[in-house]
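Below is one structure; the comments refer to it alone.
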Number of protein chains: 2
Amino acid sequence: MTKLQIHRREASDASDRDAKAQAEGFATVRQAHESEMAEDYVELIAELIEIQGEARPVDIAERLGVKPPTVTKNISRLKEAGLVSRERYRAIFLTPEGQKLAEACRRRHRIVVAFLLSLGIDEETAERDAEGIEHHVSETTLEAFEAVVTRAHEKH
Amino acid sequence: MTKLQIHRREASDASDRDAKAQAEGFATVRQAHESEMAEDYVELIAELIEIQGEARPVDIAERLGVKPPTVTKNISRLKEAGLVSRERYRAIFLTPEGQKLAEACRRRHRIVVAFLLSLGIDEETAERDAEGIEHHVSETTLEAFEAVVTRAHEKH
DNA sequence: TATATATGTTAGCATAGGCTAACTTTTGAG
DNA sequence: CTCAAAAGTTAGCCTATGCTAACATATATA
C-alpha cells in the first residue's frame, strides 16, 4: 500500500460516514423524483376537482404542460399504484389513498409558498420555486418553515 | 355549449394565464431535473479534487450511491457536454466551463445549507434537504436566503 | 518484474416519462 | 338523430439513468 493509498484510507475512516450519508442523501433525492410524478398528478387532480368539479386528462395535460398521451400513460401508472380510480374515457377520481396523498401535498405546497412569500419573494417566483422545492422538504424543515410563517403572521 | 362548458370558458379567461404559468412552472422543474445529474457530478468532482487531489469514478459512485458503470456512462455524457475532460482509465478533470458550473453549484449549496441551519434545522437534515432543494431555487430566492443568513450572522 | 486485486469499461437490459401519428369514443350543435 | 369536433387512447419511438455480468486495464506488493 503506497503512501497515497494509506492517506486515502486514513481520510476514509473519517469520511466513510460522510460518504455513506451523502450517498443516502442522493438516494433520497432519487426516490423523491420517482414519487414526484404521482404527487404532482394527485395534487393537480384534487385542485381541478375542487375548482371545476372534475379532472379531465386534457386539463391535466394543459396544466402540466405535457401532451394528452403522456397523461393517459401516467394515469394508468397511478391507477396501478392505487391512487386513482377510473374507467376508460371517463373522468378521474382519487382513491382514499390518493386523497390522503393529495392533501399532504397541498399542505406542503401551501406551507412552502407561504414561507417563500414571508421572505418577501414575489408570488410568481414563490409558486414556481415551490413547485420544485416541495418534493424535497423533510417534515423537520417543513415545520421550521411553518413556524416562520406563523411568526410573520403574528407580527402582521 | 352547455352551461357547464360556458362556466368553464368563463373561468378559463381568468385561469388561462394561471394554467399557462403553471405549465411553465412544471416545465422549469422538468428542465431542472435534466441538469441535476450534471450539477451533482461536477459539484462532487470539484469536492473530491479538493479533498483528495483527484476524482475517481469509484469515489464518485460511492458518494452518489450508484454503481461504477453508471458513473462511466454519465461521465461520457458530461464529456460530450463539455463539462469534463478525461481519457479512458484516467482521473477526471473539470473543463473551465465545468469549473464555473461547479463553483455556482457549490455556492448555491452552501447558501441553502447555511440558510436551513439558520432556521435551526439539524446538520444532517439540512445537508439532505439542501441536496434536493438546491436545484430548484431561483436566483431571487437564493438572494433572499442569503440575506437571512447574513442577518442571522450579524445578530450572531 | 509478475501477477493478484482494485478499478474502469462495455454490452445488454429495464423503467420512467416524454413525444407524434393514427385510431376510437364521446359529446354537442344543427 | 346525425355527424363533426373534441377528447381520449394505443402503438411505437426516443432519451435519461439506473442495473448486472463479463471483460479490460492499472497498480501495488510479493
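In the C-alpha cells, chains take letters A, B, ... by order of appearance, with residues numbered from 1 within each chain and ligands from 1 in the order shown.
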Contacts of B:Lys67 at 9 Å (only C-alpha atoms (C1' of nucleotides); same-chain gap of 6+ positions) as a list of chain:residue names = B:Val58, B:Ala61, D:DG18, D:DC19
Hey, list the chain A side of the contact with chain B: 7 Å cut-off, only C-alpha atoms, answer as a PyMOL selection string.
-> chain A and resi 19-20+22-27+29+62-65+119+121+128-129+131-133+136-138+141+144
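In this comparison, chain B was overlaid on chain A using all C-alpha atoms paired by position, and the resulting RMSD is 0.2 Å.
The spacing separating atom CA of A:Glu146 from atom CA of B:Ala104 amounts to 28.9 Å.
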Interatomic distance (Å, one decimal) between atom CA of A:Val42 and atom CA of A:Gly98 | 6.4 Å
Exercise answer, chain D residues close to chain A, 9 Å and only C-alpha atoms (C1' of nucleotides), as a PyMOL selection string | chain D and resi 7-10+28-29
Could you write those residues out with N, CA, C and O atoms (P, O5', C5', C4', C3', O3' and C1' of nucleotides), as a PDB file, in the first residue's frame?
```
ATOM      1  P    DA D   7     -61.870  19.566 -25.725  1.00  0.00           P
ATOM      2  O5'  DA D   7     -61.700  18.018 -25.407  1.00  0.00           O
ATOM      3  C5'  DA D   7     -62.825  17.324 -24.858  1.00  0.00           C
ATOM      4  C4'  DA D   7     -62.480  15.867 -24.720  1.00  0.00           C
ATOM      5  C3'  DA D   7     -61.163  15.590 -24.005  1.00  0.00           C
ATOM      6  O3'  DA D   7     -61.473  14.769 -22.900  1.00  0.00           O
ATOM      7  C1'  DA D   7     -61.310  14.324 -26.003  1.00  0.00           C
ATOM      8  P    DG D   8     -60.367  14.186 -21.962  1.00  0.00           P
ATOM      9  O5'  DG D   8     -60.061  12.805 -22.685  1.00  0.00           O
ATOM     10  C5'  DG D   8     -61.042  11.774 -22.644  1.00  0.00           C
ATOM     11  C4'  DG D   8     -60.478  10.513 -23.248  1.00  0.00           C
ATOM     12  C3'  DG D   8     -59.127  10.067 -22.657  1.00  0.00           C
ATOM     13  O3'  DG D   8     -59.276   8.739 -22.185  1.00  0.00           O
ATOM     14  C1'  DG D   8     -59.051  10.083 -25.023  1.00  0.00           C
ATOM     15  P    DT D   9     -58.062   7.922 -21.602  1.00  0.00           P
ATOM     16  O5'  DT D   9     -57.627   7.069 -22.873  1.00  0.00           O
ATOM     17  C5'  DT D   9     -58.608   6.248 -23.529  1.00  0.00           C
ATOM     18  C4'  DT D   9     -57.935   5.491 -24.663  1.00  0.00           C
ATOM     19  C3'  DT D   9     -56.678   4.722 -24.258  1.00  0.00           C
ATOM     20  O3'  DT D   9     -56.894   3.367 -24.620  1.00  0.00           O
ATOM     21  C1'  DT D   9     -56.293   6.024 -26.220  1.00  0.00           C
ATOM     22  P    DT D  10     -55.916   2.221 -24.184  1.00  0.00           P
ATOM     23  O5'  DT D  10     -55.062   1.958 -25.517  1.00  0.00           O
ATOM     24  C5'  DT D  10     -55.741   1.801 -26.759  1.00  0.00           C
ATOM     25  C4'  DT D  10     -54.716   1.686 -27.881  1.00  0.00           C
ATOM     26  C3'  DT D  10     -53.450   0.913 -27.513  1.00  0.00           C
ATOM     27  O3'  DT D  10     -53.294  -0.094 -28.505  1.00  0.00           O
ATOM     28  C1'  DT D  10     -52.886   2.999 -28.479  1.00  0.00           C
ATOM     29  P    DA D  28      -0.507   1.879  -6.788  1.00  0.00           P
ATOM     30  O5'  DA D  28      -1.072   0.366  -6.572  1.00  0.00           O
ATOM     31  C5'  DA D  28      -1.636  -0.001  -5.316  1.00  0.00           C
ATOM     32  C4'  DA D  28      -0.927  -1.235  -4.770  1.00  0.00           C
ATOM     33  C3'  DA D  28       0.336  -0.938  -3.978  1.00  0.00           C
ATOM     34  O3'  DA D  28       0.355  -1.930  -2.951  1.00  0.00           O
ATOM     35  C1'  DA D  28       0.894  -2.361  -5.768  1.00  0.00           C
ATOM     36  P    DT D  29       1.124  -1.793  -1.623  1.00  0.00           P
ATOM     37  O5'  DT D  29       1.576  -3.296  -1.388  1.00  0.00           O
ATOM     38  C5'  DT D  29       0.642  -4.342  -1.705  1.00  0.00           C
ATOM     39  C4'  DT D  29       1.395  -5.614  -2.021  1.00  0.00           C
ATOM     40  C3'  DT D  29       2.676  -5.833  -1.226  1.00  0.00           C
ATOM     41  O3'  DT D  29       2.783  -7.217  -1.014  1.00  0.00           O
ATOM     42  C1'  DT D  29       3.198  -5.934  -3.470  1.00  0.00           C
TER      43       DT D  29
END
```
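Proximity to D:DA6 at 12 Å, evaluated using only C-alpha atoms (C1' of nucleotides) and with sequence-adjacent residues fewer than 6 positions away removed, yields Val58 of chain A; DT25, DT26, DT27 and DG28 of chain C.
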Would you please work out which residue, of A:Glu50, A:Glu36, A:Arg151, A:Leu94, is nearest to chain C when using only C-alpha atoms (C1' of nucleotides)?
-> A:Glu36
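Across the structure, atom CA of A:Leu83 and atom C1' of D:DG12 are spaced 27.3 Å apart.
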Select all residues from chain C having any atom no more than 9 Å from an atom of chain B (counting only C-alpha atoms (C1' of nucleotides), ignoring ligands), output as a PDB file with N, CA, C and O atoms (P, O5', C5', C4', C3', O3' and C1' of nucleotides), in the first residue's frame.
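In the end it all went to out25.pdb:
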```pdb
ATOM      1  P    DT C   7     -10.158   0.330  -5.428  1.00  0.00           P
ATOM      2  O5'  DT C   7     -10.315   0.647  -6.989  1.00  0.00           O
ATOM      3  C5'  DT C   7      -9.212   1.197  -7.671  1.00  0.00           C
ATOM      4  C4'  DT C   7      -9.510   1.252  -9.141  1.00  0.00           C
ATOM      5  C3'  DT C   7     -10.826   1.953  -9.490  1.00  0.00           C
ATOM      6  O3'  DT C   7     -10.471   3.081 -10.259  1.00  0.00           O
ATOM      7  C1'  DT C   7     -10.532  -0.036 -10.750  1.00  0.00           C
ATOM      8  P    DG C   8     -11.582   4.059 -10.879  1.00  0.00           P
ATOM      9  O5'  DG C   8     -11.861   3.359 -12.296  1.00  0.00           O
ATOM     10  C5'  DG C   8     -10.835   3.385 -13.285  1.00  0.00           C
ATOM     11  C4'  DG C   8     -11.364   2.798 -14.569  1.00  0.00           C
ATOM     12  C3'  DG C   8     -12.701   3.391 -15.037  1.00  0.00           C
ATOM     13  O3'  DG C   8     -12.510   3.869 -16.359  1.00  0.00           O
ATOM     14  C1'  DG C   8     -12.781   1.027 -15.047  1.00  0.00           C
ATOM     15  P    DT C   9     -13.717   4.442 -17.220  1.00  0.00           P
ATOM     16  O5'  DT C   9     -14.116   3.164 -18.088  1.00  0.00           O
ATOM     17  C5'  DT C   9     -13.110   2.543 -18.900  1.00  0.00           C
ATOM     18  C4'  DT C   9     -13.745   1.442 -19.718  1.00  0.00           C
ATOM     19  C3'  DT C   9     -14.978   1.869 -20.504  1.00  0.00           C
ATOM     20  O3'  DT C   9     -14.747   1.483 -21.847  1.00  0.00           O
ATOM     21  C1'  DT C   9     -15.428  -0.107 -19.250  1.00  0.00           C
ATOM     22  P    DT C  10     -15.719   1.944 -23.023  1.00  0.00           P
ATOM     23  O5'  DT C  10     -16.530   0.604 -23.369  1.00  0.00           O
ATOM     24  C5'  DT C  10     -15.820  -0.637 -23.433  1.00  0.00           C
ATOM     25  C4'  DT C  10     -16.805  -1.780 -23.633  1.00  0.00           C
ATOM     26  C3'  DT C  10     -18.041  -1.429 -24.455  1.00  0.00           C
ATOM     27  O3'  DT C  10     -18.163  -2.426 -25.459  1.00  0.00           O
ATOM     28  C1'  DT C  10     -18.671  -2.433 -22.410  1.00  0.00           C
ATOM     29  P    DG C  28     -71.128  18.026 -24.082  1.00  0.00           P
ATOM     30  O5'  DG C  28     -71.381  19.160 -25.161  1.00  0.00           O
ATOM     31  C5'  DG C  28     -70.403  19.410 -26.197  1.00  0.00           C
ATOM     32  C4'  DG C  28     -71.107  19.913 -27.444  1.00  0.00           C
ATOM     33  C3'  DG C  28     -72.472  20.568 -27.183  1.00  0.00           C
ATOM     34  O3'  DG C  28     -72.707  21.489 -28.252  1.00  0.00           O
ATOM     35  C1'  DG C  28     -72.823  18.733 -28.513  1.00  0.00           C
ATOM     36  P    DA C  29     -72.885  22.993 -28.089  1.00  0.00           P
ATOM     37  O5'  DA C  29     -72.667  23.516 -29.594  1.00  0.00           O
ATOM     38  C5'  DA C  29     -72.189  22.528 -30.554  1.00  0.00           C
ATOM     39  C4'  DA C  29     -72.763  22.758 -31.929  1.00  0.00           C
ATOM     40  C3'  DA C  29     -73.874  23.798 -32.086  1.00  0.00           C
ATOM     41  O3'  DA C  29     -73.757  24.221 -33.438  1.00  0.00           O
ATOM     42  C1'  DA C  29     -74.799  21.646 -32.419  1.00  0.00           C
TER      43       DA C  29
END
```
Residues of chain A in alpha helix (DSSP H), written as a short mmCIF file (atom, residue, chain, number, x, y, z; two decimals) with C-alpha atoms, in the first residue's frame:
```
data_model
loop_
_atom_site.label_atom_id
_atom_site.label_comp_id
_atom_site.auth_asym_id
_atom_site.auth_seq_id
_atom_site.Cartn_x
_atom_site.Cartn_y
_atom_site.Cartn_z
CA LYS A 3 1.52 6.47 0.88
CA LEU A 4 -1.22 7.83 -1.31
CA GLN A 5 -3.43 4.86 -0.60
CA ILE A 6 -2.72 4.97 3.11
CA HIS A 7 -3.57 8.61 3.00
CA ARG A 8 -6.86 7.81 1.38
CA ARG A 9 -7.61 5.08 3.89
CA GLU A 10 -6.97 7.35 6.80
CA ALA A 11 -9.13 10.02 5.33
CA SER A 12 -11.80 7.44 4.69
CA ASP A 13 -12.16 6.42 8.32
CA ALA A 14 -13.17 9.99 8.93
CA SER A 15 -15.21 10.33 5.76
CA ASP A 16 -16.77 6.89 5.34
CA ARG A 17 -19.74 8.03 7.28
CA ASP A 18 -19.72 11.23 5.28
CA ALA A 19 -19.65 9.31 2.05
CA LYS A 20 -22.37 6.96 3.22
CA ALA A 21 -24.55 9.78 4.47
CA GLN A 22 -24.01 11.61 1.19
CA ALA A 23 -24.96 8.51 -0.78
CA GLU A 24 -28.12 8.16 1.27
CA GLY A 25 -28.90 11.80 0.61
CA PHE A 26 -28.63 11.30 -3.13
CA ALA A 27 -30.70 8.13 -2.86
CA THR A 28 -33.36 10.13 -1.06
CA VAL A 29 -33.38 12.67 -3.87
CA ARG A 30 -33.70 9.93 -6.48
CA GLN A 31 -36.59 8.40 -4.60
CA ALA A 32 -38.24 11.80 -4.33
CA HIS A 33 -38.00 12.09 -8.09
CA GLU A 34 -39.78 8.81 -8.52
CA SER A 35 -42.74 9.96 -6.46
CA GLU A 36 -42.84 13.46 -7.92
CA MET A 37 -44.95 12.45 -10.85
CA ALA A 38 -47.51 10.86 -8.56
CA GLU A 39 -47.52 13.83 -6.23
CA ASP A 40 -47.89 16.38 -8.99
CA TYR A 41 -50.75 14.47 -10.55
CA VAL A 42 -52.80 13.82 -7.41
CA GLU A 43 -52.27 17.37 -6.22
CA LEU A 44 -53.44 18.74 -9.55
CA ILE A 45 -56.35 16.32 -9.79
CA ALA A 46 -57.57 17.39 -6.36
CA GLU A 47 -57.22 21.03 -7.38
CA LEU A 48 -59.15 20.53 -10.61
CA ILE A 49 -61.94 18.62 -8.90
CA GLU A 50 -62.21 21.46 -6.45
CA ILE A 51 -62.26 24.32 -8.93
CA GLN A 52 -64.23 22.75 -11.77
CA PRO A 57 -56.91 14.46 -18.95
CA VAL A 58 -56.99 17.43 -21.29
CA ASP A 59 -56.91 19.87 -18.38
CA ILE A 60 -54.21 17.94 -16.59
CA ALA A 61 -52.14 17.96 -19.77
CA GLU A 62 -52.59 21.69 -20.19
CA ARG A 63 -51.64 22.49 -16.60
CA LEU A 64 -48.64 20.19 -16.56
CA PRO A 68 -52.51 14.03 -23.59
CA PRO A 69 -50.92 10.63 -24.32
CA THR A 70 -48.43 11.29 -21.54
CA VAL A 71 -51.30 11.90 -19.16
CA THR A 72 -53.03 8.69 -20.21
CA LYS A 73 -49.87 6.71 -19.58
CA ASN A 74 -49.21 8.28 -16.21
CA ILE A 75 -52.81 7.95 -15.09
CA SER A 76 -52.61 4.20 -15.68
CA ARG A 77 -49.49 4.13 -13.55
CA LEU A 78 -51.32 5.95 -10.79
CA LYS A 79 -54.19 3.52 -11.15
CA GLU A 80 -51.81 0.61 -10.75
CA PRO A 96 -58.96 7.44 -0.45
CA GLU A 97 -55.23 6.82 -0.57
CA GLY A 98 -54.89 9.30 -3.41
CA GLN A 99 -56.90 11.86 -1.49
CA LYS A 100 -54.68 11.42 1.50
CA LEU A 101 -51.57 11.94 -0.59
CA ALA A 102 -53.11 14.93 -2.36
CA GLU A 103 -53.97 16.55 0.91
CA ALA A 104 -50.47 16.08 2.26
CA CYS A 105 -49.02 17.52 -0.94
CA ARG A 106 -51.30 20.52 -0.90
CA ARG A 107 -50.39 21.20 2.71
CA ARG A 108 -46.69 21.09 1.87
CA HIS A 109 -47.24 23.25 -1.17
CA ARG A 110 -49.18 25.85 0.81
CA ILE A 111 -46.58 25.97 3.53
CA VAL A 112 -43.66 26.31 1.13
CA VAL A 113 -45.39 29.07 -0.85
CA ALA A 114 -46.39 30.95 2.31
CA PHE A 115 -42.87 30.59 3.60
CA LEU A 116 -41.29 31.99 0.44
CA LEU A 117 -43.79 34.85 0.41
CA SER A 118 -42.94 35.63 4.01
CA GLU A 123 -45.80 35.46 -5.95
CA GLU A 124 -44.81 34.12 -9.33
CA THR A 125 -41.32 33.15 -8.21
CA ALA A 126 -42.68 31.70 -4.98
CA GLU A 127 -45.12 29.50 -6.86
CA ARG A 128 -42.53 28.41 -9.35
CA ASP A 129 -39.81 27.62 -6.82
CA ALA A 130 -42.29 25.90 -4.51
CA GLU A 131 -43.20 23.52 -7.31
CA GLY A 132 -39.65 22.22 -7.39
CA ILE A 133 -38.81 22.57 -3.73
CA GLU A 139 -41.10 17.13 7.72
CA THR A 140 -38.50 18.71 10.01
CA THR A 141 -37.80 21.51 7.58
CA LEU A 142 -41.46 21.92 6.77
CA GLU A 143 -42.22 22.53 10.43
CA ALA A 144 -39.46 25.11 10.61
CA PHE A 145 -41.00 26.84 7.58
CA GLU A 146 -44.40 26.73 9.23
CA ALA A 147 -43.01 28.34 12.37
CA VAL A 148 -41.54 31.20 10.36
CA VAL A 149 -44.84 31.77 8.58
CA THR A 150 -46.73 31.78 11.87
CA ARG A 151 -44.30 34.24 13.41
CA ALA A 152 -44.59 36.51 10.38
CA HIS A 153 -48.37 36.46 10.69
CA GLU A 154 -48.27 37.24 14.38
CA LYS A 155 -46.14 40.28 13.77
#
```
Identify, with DSSP run on backbone atoms, the residues in stretch 60-120 of chain B assigned to strand (DSSP E), and express the list as JSON, numbers by chain.
-> {"B": [84, 85, 93, 94]}
Which residues come within 12 Å of D:DT15, counting only C-alpha atoms (C1' of nucleotides), excluding same-chain residues fewer than 5 positions away, as number ranges by chain?
-> B: 34; C: 16-19
Using N, CA and C atoms (P, O5', C5', C4', C3', O3' and C1' of nucleotides), can you export the residues from the last selection as a CSV table (one decimal), in the first residue's frame?
```csv
chain,number,residue,atom,x,y,z
B,34,GLU,N,-33.3,17.7,-15.7
B,34,GLU,CA,-32.3,17.3,-16.7
B,34,GLU,C,-30.9,17.8,-16.4
C,16,DA,P,-41.6,2.2,-14.0
C,16,DA,O5',-41.1,3.7,-14.3
C,16,DA,C5',-40.1,4.2,-13.5
C,16,DA,C4',-39.8,5.6,-14.0
C,16,DA,C3',-41.1,6.4,-14.3
C,16,DA,O3',-40.9,7.7,-13.8
C,16,DA,C1',-39.7,6.3,-16.2
C,17,DG,P,-42.2,8.6,-13.7
C,17,DG,O5',-42.2,9.4,-15.1
C,17,DG,C5',-41.1,10.2,-15.3
C,17,DG,C4',-41.1,10.7,-16.8
C,17,DG,C3',-42.5,11.2,-17.2
C,17,DG,O3',-42.3,12.4,-18.0
C,17,DG,C1',-41.6,9.7,-18.7
C,18,DG,P,-43.2,13.6,-17.7
C,18,DG,O5',-43.0,14.4,-19.1
C,18,DG,C5',-43.6,14.0,-20.3
C,18,DG,C4',-42.6,14.1,-21.4
C,18,DG,C3',-43.2,14.1,-22.8
C,18,DG,O3',-43.5,15.5,-23.2
C,18,DG,C1',-41.6,12.5,-22.7
C,19,DC,P,-44.7,15.9,-24.0
C,19,DC,O5',-44.3,15.3,-25.5
C,19,DC,C5',-43.1,15.7,-26.1
C,19,DC,C4',-42.9,14.9,-27.4
C,19,DC,C3',-44.2,14.9,-28.3
C,19,DC,O3',-44.1,15.9,-29.2
C,19,DC,C1',-43.2,12.7,-28.0
```
